[in-house]
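Raw input-v5.cif, mmCIF, N, CA, C and O atoms:
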data_final
#
loop_
_atom_site.label_atom_id
_atom_site.label_comp_id
_atom_site.auth_asym_id
_atom_site.auth_seq_id
_atom_site.Cartn_x
_atom_site.Cartn_y
_atom_site.Cartn_z
N MET W 1 8.10 4.74 8.70
CA MET W 1 7.59 4.98 7.35
C MET W 1 8.60 5.77 6.53
O MET W 1 8.72 5.55 5.34
N ALA W 2 9.33 6.66 7.18
CA ALA W 2 10.31 7.47 6.45
C ALA W 2 11.41 6.60 5.85
O ALA W 2 11.82 6.81 4.70
N ASP W 3 11.88 5.62 6.61
CA ASP W 3 12.92 4.71 6.09
C ASP W 3 12.39 3.89 4.91
O ASP W 3 13.10 3.69 3.92
N LEU W 4 11.16 3.40 5.03
CA LEU W 4 10.56 2.63 3.95
C LEU W 4 10.40 3.49 2.70
O LEU W 4 10.70 3.06 1.59
N THR W 5 9.96 4.72 2.88
CA THR W 5 9.80 5.65 1.75
C THR W 5 11.14 5.91 1.08
O THR W 5 11.24 5.90 -0.16
N ASP W 6 12.16 6.15 1.88
CA ASP W 6 13.50 6.38 1.32
C ASP W 6 13.99 5.16 0.53
O ASP W 6 14.56 5.30 -0.55
N HIS W 7 13.76 3.97 1.08
CA HIS W 7 14.18 2.75 0.42
C HIS W 7 13.43 2.55 -0.90
O HIS W 7 14.03 2.24 -1.94
N PHE W 8 12.11 2.76 -0.87
CA PHE W 8 11.31 2.64 -2.08
C PHE W 8 11.76 3.66 -3.13
O PHE W 8 11.91 3.32 -4.31
N THR W 9 12.00 4.88 -2.72
CA THR W 9 12.44 5.93 -3.64
C THR W 9 13.77 5.56 -4.30
O THR W 9 13.95 5.76 -5.50
N ALA W 10 14.68 5.01 -3.51
CA ALA W 10 15.97 4.59 -4.06
C ALA W 10 15.79 3.46 -5.07
O ALA W 10 16.40 3.48 -6.15
N LEU W 11 14.95 2.48 -4.75
CA LEU W 11 14.69 1.39 -5.69
C LEU W 11 14.03 1.92 -6.96
O LEU W 11 14.39 1.53 -8.07
N ARG W 12 13.09 2.81 -6.79
CA ARG W 12 12.37 3.35 -7.95
C ARG W 12 13.30 4.14 -8.85
O ARG W 12 13.15 4.12 -10.07
N SER W 13 14.29 4.80 -8.27
CA SER W 13 15.25 5.55 -9.10
C SER W 13 16.07 4.61 -9.98
O SER W 13 16.60 5.03 -11.00
N HIS W 14 16.16 3.34 -9.59
CA HIS W 14 16.83 2.32 -10.40
C HIS W 14 15.88 1.62 -11.36
O HIS W 14 16.30 0.76 -12.14
N GLY W 15 14.59 1.93 -11.25
CA GLY W 15 13.60 1.38 -12.17
C GLY W 15 13.03 0.04 -11.79
O GLY W 15 12.16 -0.48 -12.48
N GLN W 16 13.50 -0.54 -10.68
CA GLN W 16 12.96 -1.83 -10.25
C GLN W 16 13.27 -2.06 -8.78
O GLN W 16 14.16 -1.44 -8.22
N GLY W 17 12.50 -3.00 -8.19
CA GLY W 17 12.77 -3.33 -6.81
C GLY W 17 11.81 -4.35 -6.25
O GLY W 17 10.85 -4.77 -6.90
N TYR W 18 12.09 -4.74 -5.02
CA TYR W 18 11.30 -5.72 -4.30
C TYR W 18 11.30 -5.33 -2.82
O TYR W 18 12.36 -5.05 -2.25
N LEU W 19 10.12 -5.27 -2.22
CA LEU W 19 9.97 -4.93 -0.81
C LEU W 19 9.10 -5.96 -0.11
O LEU W 19 8.20 -6.53 -0.72
N GLU W 20 9.36 -6.16 1.17
CA GLU W 20 8.48 -6.95 2.04
C GLU W 20 8.09 -6.06 3.21
O GLU W 20 8.95 -5.43 3.82
N VAL W 21 6.79 -6.03 3.50
CA VAL W 21 6.27 -5.16 4.56
C VAL W 21 5.33 -5.97 5.44
O VAL W 21 4.46 -6.68 4.93
N ARG W 22 5.49 -5.85 6.75
CA ARG W 22 4.62 -6.53 7.71
C ARG W 22 4.42 -5.61 8.91
O ARG W 22 5.24 -4.73 9.18
N PRO W 23 3.36 -5.82 9.67
CA PRO W 23 3.16 -5.02 10.89
C PRO W 23 4.31 -5.26 11.87
O PRO W 23 4.82 -6.38 11.99
N HIS W 24 4.71 -4.23 12.54
CA HIS W 24 5.82 -4.31 13.50
C HIS W 24 5.53 -5.37 14.56
O HIS W 24 4.47 -5.42 15.15
N GLY W 25 6.50 -6.27 14.74
CA GLY W 25 6.38 -7.29 15.77
C GLY W 25 5.59 -8.52 15.37
O GLY W 25 5.35 -9.39 16.20
N HIS W 26 5.15 -8.58 14.11
CA HIS W 26 4.35 -9.72 13.65
C HIS W 26 4.96 -10.32 12.39
O HIS W 26 5.52 -9.61 11.56
N GLU W 27 4.82 -11.63 12.26
CA GLU W 27 5.30 -12.31 11.06
C GLU W 27 4.30 -12.19 9.90
O GLU W 27 4.68 -12.09 8.74
N PHE W 28 3.01 -12.17 10.24
CA PHE W 28 1.94 -12.09 9.24
C PHE W 28 0.91 -11.07 9.68
O PHE W 28 0.75 -10.83 10.87
N PRO W 29 0.18 -10.48 8.75
CA PRO W 29 0.27 -10.65 7.31
C PRO W 29 1.52 -9.95 6.76
O PRO W 29 2.00 -8.98 7.32
N LEU W 30 1.98 -10.47 5.64
CA LEU W 30 3.15 -9.94 4.95
C LEU W 30 2.73 -9.56 3.54
O LEU W 30 2.08 -10.36 2.86
N LEU W 31 3.06 -8.34 3.13
CA LEU W 31 2.85 -7.94 1.75
C LEU W 31 4.21 -7.86 1.07
O LEU W 31 5.17 -7.39 1.67
N THR W 32 4.27 -8.33 -0.17
CA THR W 32 5.48 -8.15 -0.96
C THR W 32 5.11 -7.33 -2.19
O THR W 32 4.01 -7.47 -2.75
N LEU W 33 6.02 -6.47 -2.58
CA LEU W 33 5.84 -5.63 -3.76
C LEU W 33 7.04 -5.84 -4.65
O LEU W 33 8.19 -5.63 -4.23
N GLY W 34 6.79 -6.30 -5.86
CA GLY W 34 7.83 -6.40 -6.88
C GLY W 34 7.45 -5.47 -8.01
O GLY W 34 6.29 -5.44 -8.44
N PHE W 35 8.42 -4.69 -8.52
CA PHE W 35 8.09 -3.78 -9.60
C PHE W 35 9.26 -3.60 -10.56
O PHE W 35 10.43 -3.75 -10.19
N LEU W 36 8.90 -3.30 -11.78
CA LEU W 36 9.86 -3.00 -12.84
C LEU W 36 9.22 -1.91 -13.68
O LEU W 36 8.11 -2.10 -14.19
N ASN W 37 9.93 -0.80 -13.80
CA ASN W 37 9.40 0.37 -14.50
C ASN W 37 8.06 0.75 -13.89
O ASN W 37 7.98 1.00 -12.70
N ASP W 38 6.98 0.75 -14.66
CA ASP W 38 5.69 1.17 -14.10
C ASP W 38 4.77 0.01 -13.76
O ASP W 38 3.63 0.19 -13.39
N HIS W 39 5.25 -1.23 -13.89
CA HIS W 39 4.42 -2.40 -13.58
C HIS W 39 4.79 -2.96 -12.22
O HIS W 39 5.96 -3.04 -11.87
N ALA W 40 3.76 -3.39 -11.49
CA ALA W 40 3.98 -3.92 -10.14
C ALA W 40 3.01 -5.06 -9.86
O ALA W 40 1.97 -5.19 -10.50
N VAL W 41 3.40 -5.87 -8.87
CA VAL W 41 2.54 -6.95 -8.39
C VAL W 41 2.67 -6.99 -6.87
O VAL W 41 3.74 -6.73 -6.32
N ILE W 42 1.56 -7.27 -6.19
CA ILE W 42 1.56 -7.37 -4.73
C ILE W 42 1.07 -8.75 -4.32
O ILE W 42 -0.01 -9.19 -4.75
N HIS W 43 1.87 -9.43 -3.52
CA HIS W 43 1.49 -10.70 -2.89
C HIS W 43 1.07 -10.43 -1.46
O HIS W 43 1.65 -9.58 -0.78
N LEU W 44 0.10 -11.18 -0.99
CA LEU W 44 -0.29 -11.22 0.41
C LEU W 44 0.03 -12.61 0.93
O LEU W 44 -0.41 -13.60 0.36
N ILE W 45 0.81 -12.66 1.97
CA ILE W 45 1.12 -13.94 2.62
C ILE W 45 0.50 -13.88 4.01
O ILE W 45 0.92 -13.10 4.86
N ASP W 46 -0.56 -14.68 4.19
CA ASP W 46 -1.29 -14.71 5.47
C ASP W 46 -0.67 -15.68 6.46
O ASP W 46 -0.72 -15.45 7.67
N THR W 47 -0.16 -16.79 5.96
CA THR W 47 0.48 -17.82 6.78
C THR W 47 1.59 -18.43 5.94
O THR W 47 1.73 -18.10 4.76
N THR W 48 2.33 -19.36 6.50
CA THR W 48 3.37 -20.01 5.72
C THR W 48 2.79 -20.82 4.58
O THR W 48 3.49 -21.15 3.64
N GLU W 49 1.50 -21.12 4.63
CA GLU W 49 0.87 -21.94 3.60
C GLU W 49 -0.19 -21.22 2.78
O GLU W 49 -0.77 -21.81 1.87
N LYS W 50 -0.46 -19.94 3.04
CA LYS W 50 -1.52 -19.24 2.32
C LYS W 50 -1.00 -17.95 1.70
O LYS W 50 -0.58 -17.05 2.42
N GLN W 51 -1.04 -17.91 0.35
CA GLN W 51 -0.61 -16.74 -0.39
C GLN W 51 -1.69 -16.33 -1.37
O GLN W 51 -2.40 -17.18 -1.91
N SER W 52 -1.76 -15.03 -1.62
CA SER W 52 -2.71 -14.49 -2.59
C SER W 52 -2.03 -13.41 -3.40
O SER W 52 -1.06 -12.80 -2.95
N LEU W 53 -2.57 -13.17 -4.60
CA LEU W 53 -2.12 -12.07 -5.44
C LEU W 53 -3.24 -11.05 -5.55
O LEU W 53 -4.42 -11.42 -5.70
N LEU W 54 -2.88 -9.79 -5.49
CA LEU W 54 -3.85 -8.72 -5.69
C LEU W 54 -4.24 -8.70 -7.16
O LEU W 54 -3.37 -8.82 -8.04
N LEU W 55 -5.52 -8.60 -7.44
CA LEU W 55 -5.98 -8.54 -8.83
C LEU W 55 -5.53 -7.22 -9.46
O LEU W 55 -5.46 -6.19 -8.78
N GLY W 56 -5.25 -7.28 -10.75
CA GLY W 56 -4.74 -6.13 -11.48
C GLY W 56 -5.76 -5.02 -11.64
O GLY W 56 -6.95 -5.20 -11.38
N ASP W 57 -5.25 -3.89 -12.12
CA ASP W 57 -6.10 -2.72 -12.30
C ASP W 57 -6.34 -2.38 -13.77
O ASP W 57 -6.78 -1.29 -14.09
N GLY W 58 -6.03 -3.32 -14.67
CA GLY W 58 -6.29 -3.10 -16.08
C GLY W 58 -5.27 -2.22 -16.79
O GLY W 58 -5.53 -1.73 -17.88
N THR W 59 -4.12 -2.03 -16.20
CA THR W 59 -3.11 -1.15 -16.80
C THR W 59 -2.35 -1.79 -17.94
O THR W 59 -1.69 -1.09 -18.70
N THR W 60 -2.42 -3.11 -18.06
CA THR W 60 -1.74 -3.78 -19.17
C THR W 60 -2.79 -4.43 -20.07
O THR W 60 -3.83 -4.88 -19.59
N PRO W 61 -2.50 -4.49 -21.35
CA PRO W 61 -3.45 -5.13 -22.27
C PRO W 61 -3.65 -6.60 -21.93
O PRO W 61 -2.78 -7.25 -21.34
N ALA W 62 -4.81 -7.12 -22.32
CA ALA W 62 -5.12 -8.54 -22.09
C ALA W 62 -4.06 -9.42 -22.73
O ALA W 62 -3.47 -9.06 -23.75
N ASP W 63 -3.81 -10.55 -22.09
CA ASP W 63 -2.84 -11.54 -22.56
C ASP W 63 -1.40 -11.03 -22.55
O ASP W 63 -0.57 -11.52 -23.31
N THR W 64 -1.12 -10.06 -21.69
CA THR W 64 0.24 -9.55 -21.55
C THR W 64 0.93 -10.27 -20.40
O THR W 64 0.34 -10.46 -19.34
N ALA W 65 2.17 -10.65 -20.61
CA ALA W 65 2.99 -11.24 -19.55
C ALA W 65 4.09 -10.24 -19.21
O ALA W 65 4.71 -9.66 -20.11
N VAL W 66 4.32 -10.02 -17.93
CA VAL W 66 5.32 -9.07 -17.47
C VAL W 66 6.26 -9.78 -16.51
O VAL W 66 5.82 -10.49 -15.61
N HIS W 67 7.55 -9.57 -16.69
CA HIS W 67 8.57 -10.12 -15.79
C HIS W 67 8.84 -9.09 -14.69
O HIS W 67 9.19 -7.94 -14.99
N LEU W 68 8.65 -9.51 -13.45
CA LEU W 68 8.85 -8.61 -12.30
C LEU W 68 9.74 -9.28 -11.27
O LEU W 68 9.71 -10.50 -11.10
N PRO W 69 10.52 -8.45 -10.55
CA PRO W 69 11.40 -9.02 -9.53
C PRO W 69 10.63 -9.53 -8.31
O PRO W 69 9.76 -8.84 -7.78
N ILE W 70 10.95 -10.75 -7.93
CA ILE W 70 10.44 -11.35 -6.70
C ILE W 70 11.66 -11.95 -6.02
O ILE W 70 12.27 -12.87 -6.55
N MET W 71 11.99 -11.39 -4.89
CA MET W 71 13.23 -11.73 -4.19
C MET W 71 14.40 -11.49 -5.14
O MET W 71 14.56 -10.38 -5.61
N ASP W 72 15.19 -12.49 -5.45
CA ASP W 72 16.37 -12.31 -6.29
C ASP W 72 16.17 -12.75 -7.73
O ASP W 72 17.14 -12.82 -8.49
N ASP W 73 14.95 -13.07 -8.13
CA ASP W 73 14.67 -13.57 -9.47
C ASP W 73 13.58 -12.73 -10.14
O ASP W 73 12.89 -11.96 -9.49
N LEU W 74 13.44 -12.95 -11.44
CA LEU W 74 12.32 -12.39 -12.17
C LEU W 74 11.27 -13.48 -12.32
O LEU W 74 11.59 -14.62 -12.62
N ALA W 75 10.02 -13.12 -12.10
CA ALA W 75 8.90 -14.06 -12.26
C ALA W 75 7.93 -13.45 -13.26
O ALA W 75 7.82 -12.23 -13.39
N VAL W 76 7.21 -14.31 -13.95
CA VAL W 76 6.25 -13.87 -14.97
C VAL W 76 4.86 -13.77 -14.35
O VAL W 76 4.40 -14.70 -13.69
N PHE W 77 4.22 -12.64 -14.61
CA PHE W 77 2.86 -12.40 -14.13
C PHE W 77 2.00 -11.98 -15.31
O PHE W 77 2.46 -11.30 -16.22
N SER W 78 0.73 -12.38 -15.26
CA SER W 78 -0.19 -12.01 -16.34
C SER W 78 -0.80 -10.64 -16.04
O SER W 78 -0.72 -10.13 -14.92
N ASP W 79 -1.44 -10.11 -17.06
CA ASP W 79 -2.11 -8.82 -16.92
C ASP W 79 -3.14 -8.82 -15.80
O ASP W 79 -3.44 -7.78 -15.22
N ALA W 80 -3.65 -9.99 -15.43
CA ALA W 80 -4.69 -10.09 -14.40
C ALA W 80 -4.19 -9.66 -13.02
O ALA W 80 -5.00 -9.37 -12.14
N ASN W 81 -2.87 -9.60 -12.82
CA ASN W 81 -2.33 -9.25 -11.51
C ASN W 81 -1.41 -8.04 -11.53
O ASN W 81 -0.77 -7.74 -10.53
N ILE W 82 -1.35 -7.33 -12.64
CA ILE W 82 -0.45 -6.18 -12.77
C ILE W 82 -1.19 -4.90 -12.39
O ILE W 82 -2.30 -4.65 -12.83
N ILE W 83 -0.53 -4.08 -11.58
CA ILE W 83 -1.02 -2.75 -11.23
C ILE W 83 0.11 -1.76 -11.49
O ILE W 83 1.25 -2.15 -11.69
N THR W 84 -0.20 -0.48 -11.46
CA THR W 84 0.84 0.53 -11.64
C THR W 84 1.66 0.64 -10.36
O THR W 84 1.19 0.33 -9.25
N VAL W 85 2.89 1.08 -10.50
CA VAL W 85 3.76 1.26 -9.34
C VAL W 85 3.18 2.31 -8.40
O VAL W 85 3.23 2.14 -7.17
N ASP W 86 2.62 3.38 -8.94
CA ASP W 86 2.04 4.42 -8.07
C ASP W 86 0.90 3.86 -7.23
O ASP W 86 0.81 4.13 -6.03
N ARG W 87 0.03 3.09 -7.84
CA ARG W 87 -1.08 2.47 -7.08
C ARG W 87 -0.52 1.50 -6.04
O ARG W 87 -0.98 1.47 -4.90
N ALA W 88 0.47 0.71 -6.44
CA ALA W 88 1.07 -0.25 -5.50
C ALA W 88 1.64 0.48 -4.29
O ALA W 88 1.44 0.04 -3.16
N TRP W 89 2.34 1.56 -4.52
CA TRP W 89 2.95 2.30 -3.40
C TRP W 89 1.86 2.89 -2.50
O TRP W 89 1.99 2.87 -1.27
N THR W 90 0.78 3.38 -3.08
CA THR W 90 -0.34 3.89 -2.28
C THR W 90 -0.90 2.78 -1.39
O THR W 90 -1.18 3.00 -0.20
N LEU W 91 -1.06 1.58 -1.95
CA LEU W 91 -1.59 0.45 -1.18
C LEU W 91 -0.63 0.01 -0.09
O LEU W 91 -1.05 -0.30 1.04
N ILE W 92 0.66 -0.01 -0.38
CA ILE W 92 1.65 -0.37 0.64
C ILE W 92 1.62 0.63 1.79
O ILE W 92 1.63 0.24 2.97
N ARG W 93 1.55 1.92 1.47
CA ARG W 93 1.47 2.94 2.54
C ARG W 93 0.21 2.76 3.38
O ARG W 93 0.25 2.86 4.60
N HIS W 94 -0.91 2.47 2.72
CA HIS W 94 -2.16 2.25 3.45
C HIS W 94 -2.02 1.05 4.39
O HIS W 94 -2.44 1.11 5.55
N PHE W 95 -1.42 -0.03 3.89
CA PHE W 95 -1.22 -1.22 4.71
C PHE W 95 -0.35 -0.92 5.92
O PHE W 95 -0.61 -1.40 7.02
N THR W 96 0.70 -0.13 5.75
CA THR W 96 1.57 0.19 6.89
C THR W 96 0.83 0.99 7.96
O THR W 96 1.17 0.91 9.13
N GLN W 97 -0.19 1.72 7.57
CA GLN W 97 -0.97 2.51 8.53
C GLN W 97 -2.07 1.69 9.21
O GLN W 97 -2.39 1.92 10.37
N THR W 98 -2.65 0.72 8.47
CA THR W 98 -3.80 -0.01 9.01
C THR W 98 -3.49 -1.44 9.41
O THR W 98 -4.16 -1.99 10.29
N GLY W 99 -2.53 -2.07 8.73
CA GLY W 99 -2.21 -3.47 9.00
C GLY W 99 -3.27 -4.43 8.49
O GLY W 99 -3.23 -5.62 8.79
N THR W 100 -4.21 -3.93 7.69
CA THR W 100 -5.29 -4.77 7.18
C THR W 100 -5.22 -4.85 5.65
O THR W 100 -5.65 -3.94 4.95
N PRO W 101 -4.70 -5.95 5.12
CA PRO W 101 -4.53 -6.06 3.68
C PRO W 101 -5.81 -6.36 2.90
O PRO W 101 -5.90 -6.02 1.72
N ARG W 102 -6.79 -6.96 3.51
CA ARG W 102 -7.99 -7.39 2.78
C ARG W 102 -8.76 -6.21 2.19
O ARG W 102 -9.46 -6.36 1.20
N GLU W 103 -8.63 -5.03 2.77
CA GLU W 103 -9.37 -3.88 2.26
C GLU W 103 -8.65 -3.17 1.11
O GLU W 103 -9.16 -2.18 0.57
N LEU W 104 -7.51 -3.69 0.68
CA LEU W 104 -6.74 -3.04 -0.39
C LEU W 104 -7.28 -3.35 -1.78
O LEU W 104 -6.96 -2.68 -2.74
N GLY W 105 -8.09 -4.38 -1.88
CA GLY W 105 -8.64 -4.78 -3.18
C GLY W 105 -9.01 -6.24 -3.17
O GLY W 105 -9.06 -6.88 -2.11
N GLU W 106 -9.25 -6.76 -4.35
CA GLU W 106 -9.65 -8.16 -4.47
C GLU W 106 -8.41 -9.04 -4.61
O GLU W 106 -7.50 -8.74 -5.38
N TRP W 107 -8.39 -10.13 -3.85
CA TRP W 107 -7.24 -11.04 -3.83
C TRP W 107 -7.62 -12.38 -4.44
O TRP W 107 -8.74 -12.84 -4.29
N HIS W 108 -6.64 -13.00 -5.12
CA HIS W 108 -6.82 -14.32 -5.69
C HIS W 108 -5.83 -15.26 -5.02
O HIS W 108 -4.61 -15.07 -5.14
N GLU W 109 -6.34 -16.27 -4.30
CA GLU W 109 -5.47 -17.19 -3.59
C GLU W 109 -4.69 -18.06 -4.58
O GLU W 109 -5.25 -18.54 -5.56
N ILE W 110 -3.39 -18.23 -4.31
CA ILE W 110 -2.56 -19.07 -5.18
C ILE W 110 -2.00 -20.25 -4.40
O ILE W 110 -2.04 -20.29 -3.21
#
What is this file in structure tokens?
Amino acid sequence: MADLTDHFTALRSHGQGYLEVRPHGHEFPLLTLGFLNDHAVIHLIDTTEKQSLLLGDGTTPADTAVHLPIMDDLAVFSDANIITVDRAWTLIRHFTQTGTPRELGEWHEI
């Protein structure tokens, strides 16, 4: 967890980043976190064919589109899936401790 925290802190100091987190020794579930400034999005990948997005927390106005880093590109996400970076980091830490993503909030399968 210390290495992950250090990596996240370094990315946050640059104002943006992308992380992938999974339970040790397992391919799934996989959470991805993409963030830019104070906006973030979390994907849940349960299998190679099943992905979901965490529903947003209302931090952006309705009908807002935000560009966030996903892997090496920027992707557009609507306000319906945007959360704050602080909340996202809290959820990622919780997932690393429990390995259970479903209890982090409501997910929308994509």
Problem set entry | Residues in the PyMOL selection byres ((chain W and resi 18-31) around 4.5), expressed as a PyMOL selection string | chain W and resi 17+32-34+43-45
Exercise. Using all atoms listed in the file, which of W:Gly99, W:Gly58, W:Gly105, W:Pro69 sits nearest Ile83 of chain W?
Worked result: W:Gly58
For this session: Check chain W with DSSP on the backbone and list each residue it calls helix (DSSP H, G or I), as a count of residues only.
Result: 33
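The smallest atom-to-atom distance between Leu53 of chain W and any of W:Asn81, W:Ile70, W:Leu104, W:Ala88, using only N, CA, C and O atoms, is found for W:Asn81.
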Exercise. Got a sec to resolve the PyMOL selection byres ((chain W and resi 9-15) around 6) on this structure and send the residues as a ChimeraX atom specification?
Worked result: /W:4-8,16-17,35-38
Problem set entry | the PyMOL selection byres (((chain W and resi 109 and name CA) around 8) and name CA) applied to the shown file, residues as a list in words | Lys50, Gln51, Ser52, Leu53, Trp107, His108 and Ile110 of chain W
For this session: Would you mind writing down, as a PyMOL selection string, each residue of chain W that DSSP on the backbone assigns to strand (DSSP E)?
Result: chain W and resi 16-21+30-36+39-47+50-54+65-70+73-78+83-84+107-109
I'd like the box whose edges run along x, y and z of the file and which contains every listed atom of segment 67-73 of chain W, padded by 5 Å per side; could you state its centre and edge lengths in Å, one decimal, as AutoDock Vina command-line options?
--center_x 12.3 --center_y -10.8 --center_z -10.4 --size_x 19.6 --size_y 15.6 --size_z 22.5
Can you patch up segment 23-31 of chain W, filling it in to all heavy atoms, and show the result as a PDB file, in the coordinates of the input?
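Below is the file part35.pdb, written as the result:
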ATOM      1  N   PRO W  23       3.360  -5.820   9.670  1.00  0.00           N
ATOM      2  CA  PRO W  23       3.160  -5.020  10.890  1.00  0.00           C
ATOM      3  C   PRO W  23       4.310  -5.260  11.870  1.00  0.00           C
ATOM      4  O   PRO W  23       4.820  -6.380  11.990  1.00  0.00           O
ATOM      5  CB  PRO W  23       1.838  -5.548  11.462  1.00  0.00           C
ATOM      6  CG  PRO W  23       1.135  -6.163  10.297  1.00  0.00           C
ATOM      7  CD  PRO W  23       2.223  -6.718   9.418  1.00  0.00           C
ATOM      8  N   HIS W  24       4.710  -4.230  12.540  1.00  0.00           N
ATOM      9  CA  HIS W  24       5.820  -4.310  13.500  1.00  0.00           C
ATOM     10  C   HIS W  24       5.530  -5.370  14.560  1.00  0.00           C
ATOM     11  O   HIS W  24       4.470  -5.420  15.150  1.00  0.00           O
ATOM     12  CB  HIS W  24       6.021  -2.944  14.177  1.00  0.00           C
ATOM     13  CG  HIS W  24       7.138  -2.939  15.153  1.00  0.00           C
ATOM     14  ND1 HIS W  24       8.453  -3.009  14.767  1.00  0.00           N
ATOM     15  CD2 HIS W  24       7.133  -2.901  16.496  1.00  0.00           C
ATOM     16  CE1 HIS W  24       9.219  -3.012  15.841  1.00  0.00           C
ATOM     17  NE2 HIS W  24       8.442  -2.934  16.905  1.00  0.00           N
ATOM     18  N   GLY W  25       6.500  -6.270  14.740  1.00  0.00           N
ATOM     19  CA  GLY W  25       6.380  -7.290  15.770  1.00  0.00           C
ATOM     20  C   GLY W  25       5.590  -8.520  15.370  1.00  0.00           C
ATOM     21  O   GLY W  25       5.350  -9.390  16.200  1.00  0.00           O
ATOM     22  N   HIS W  26       5.150  -8.580  14.110  1.00  0.00           N
ATOM     23  CA  HIS W  26       4.350  -9.720  13.650  1.00  0.00           C
ATOM     24  C   HIS W  26       4.960 -10.320  12.390  1.00  0.00           C
ATOM     25  O   HIS W  26       5.520  -9.610  11.560  1.00  0.00           O
ATOM     26  CB  HIS W  26       2.914  -9.285  13.332  1.00  0.00           C
ATOM     27  CG  HIS W  26       2.186  -8.752  14.518  1.00  0.00           C
ATOM     28  ND1 HIS W  26       1.583  -9.559  15.451  1.00  0.00           N
ATOM     29  CD2 HIS W  26       1.989  -7.489  14.937  1.00  0.00           C
ATOM     30  CE1 HIS W  26       1.036  -8.808  16.389  1.00  0.00           C
ATOM     31  NE2 HIS W  26       1.269  -7.541  16.095  1.00  0.00           N
ATOM     32  N   GLU W  27       4.820 -11.630  12.260  1.00  0.00           N
ATOM     33  CA  GLU W  27       5.300 -12.310  11.060  1.00  0.00           C
ATOM     34  C   GLU W  27       4.300 -12.190   9.900  1.00  0.00           C
ATOM     35  O   GLU W  27       4.680 -12.090   8.740  1.00  0.00           O
ATOM     36  CB  GLU W  27       5.558 -13.783  11.378  1.00  0.00           C
ATOM     37  CG  GLU W  27       6.240 -14.526  10.283  1.00  0.00           C
ATOM     38  CD  GLU W  27       6.601 -15.950  10.679  1.00  0.00           C
ATOM     39  OE1 GLU W  27       6.437 -16.335  11.860  1.00  0.00           O
ATOM     40  OE2 GLU W  27       7.041 -16.685   9.786  1.00  0.00           O
ATOM     41  N   PHE W  28       3.010 -12.170  10.240  1.00  0.00           N
ATOM     42  CA  PHE W  28       1.940 -12.090   9.240  1.00  0.00           C
ATOM     43  C   PHE W  28       0.910 -11.070   9.680  1.00  0.00           C
ATOM     44  O   PHE W  28       0.750 -10.830  10.870  1.00  0.00           O
ATOM     45  CB  PHE W  28       1.259 -13.460   9.077  1.00  0.00           C
ATOM     46  CG  PHE W  28       2.202 -14.540   8.637  1.00  0.00           C
ATOM     47  CD1 PHE W  28       2.609 -15.519   9.534  1.00  0.00           C
ATOM     48  CD2 PHE W  28       2.697 -14.570   7.353  1.00  0.00           C
ATOM     49  CE1 PHE W  28       3.481 -16.517   9.138  1.00  0.00           C
ATOM     50  CE2 PHE W  28       3.569 -15.559   6.948  1.00  0.00           C
ATOM     51  CZ  PHE W  28       3.964 -16.537   7.846  1.00  0.00           C
ATOM     52  N   PRO W  29       0.180 -10.480   8.750  1.00  0.00           N
ATOM     53  CA  PRO W  29       0.270 -10.650   7.310  1.00  0.00           C
ATOM     54  C   PRO W  29       1.520  -9.950   6.760  1.00  0.00           C
ATOM     55  O   PRO W  29       2.000  -8.980   7.320  1.00  0.00           O
ATOM     56  CB  PRO W  29      -1.001  -9.992   6.775  1.00  0.00           C
ATOM     57  CG  PRO W  29      -1.326  -8.945   7.787  1.00  0.00           C
ATOM     58  CD  PRO W  29      -0.865  -9.515   9.117  1.00  0.00           C
ATOM     59  N   LEU W  30       1.980 -10.470   5.640  1.00  0.00           N
ATOM     60  CA  LEU W  30       3.150  -9.940   4.950  1.00  0.00           C
ATOM     61  C   LEU W  30       2.730  -9.560   3.540  1.00  0.00           C
ATOM     62  O   LEU W  30       2.080 -10.360   2.860  1.00  0.00           O
ATOM     63  CB  LEU W  30       4.252 -11.004   4.905  1.00  0.00           C
ATOM     64  CG  LEU W  30       5.441 -10.745   3.988  1.00  0.00           C
ATOM     65  CD1 LEU W  30       6.318  -9.633   4.548  1.00  0.00           C
ATOM     66  CD2 LEU W  30       6.259 -12.014   3.820  1.00  0.00           C
ATOM     67  N   LEU W  31       3.060  -8.340   3.130  1.00  0.00           N
ATOM     68  CA  LEU W  31       2.850  -7.940   1.750  1.00  0.00           C
ATOM     69  C   LEU W  31       4.210  -7.860   1.070  1.00  0.00           C
ATOM     70  O   LEU W  31       5.170  -7.390   1.670  1.00  0.00           O
ATOM     71  CB  LEU W  31       2.192  -6.556   1.637  1.00  0.00           C
ATOM     72  CG  LEU W  31       0.736  -6.412   1.996  1.00  0.00           C
ATOM     73  CD1 LEU W  31       0.243  -5.008   1.651  1.00  0.00           C
ATOM     74  CD2 LEU W  31      -0.127  -7.439   1.307  1.00  0.00           C
TER      75      LEU W  31
END
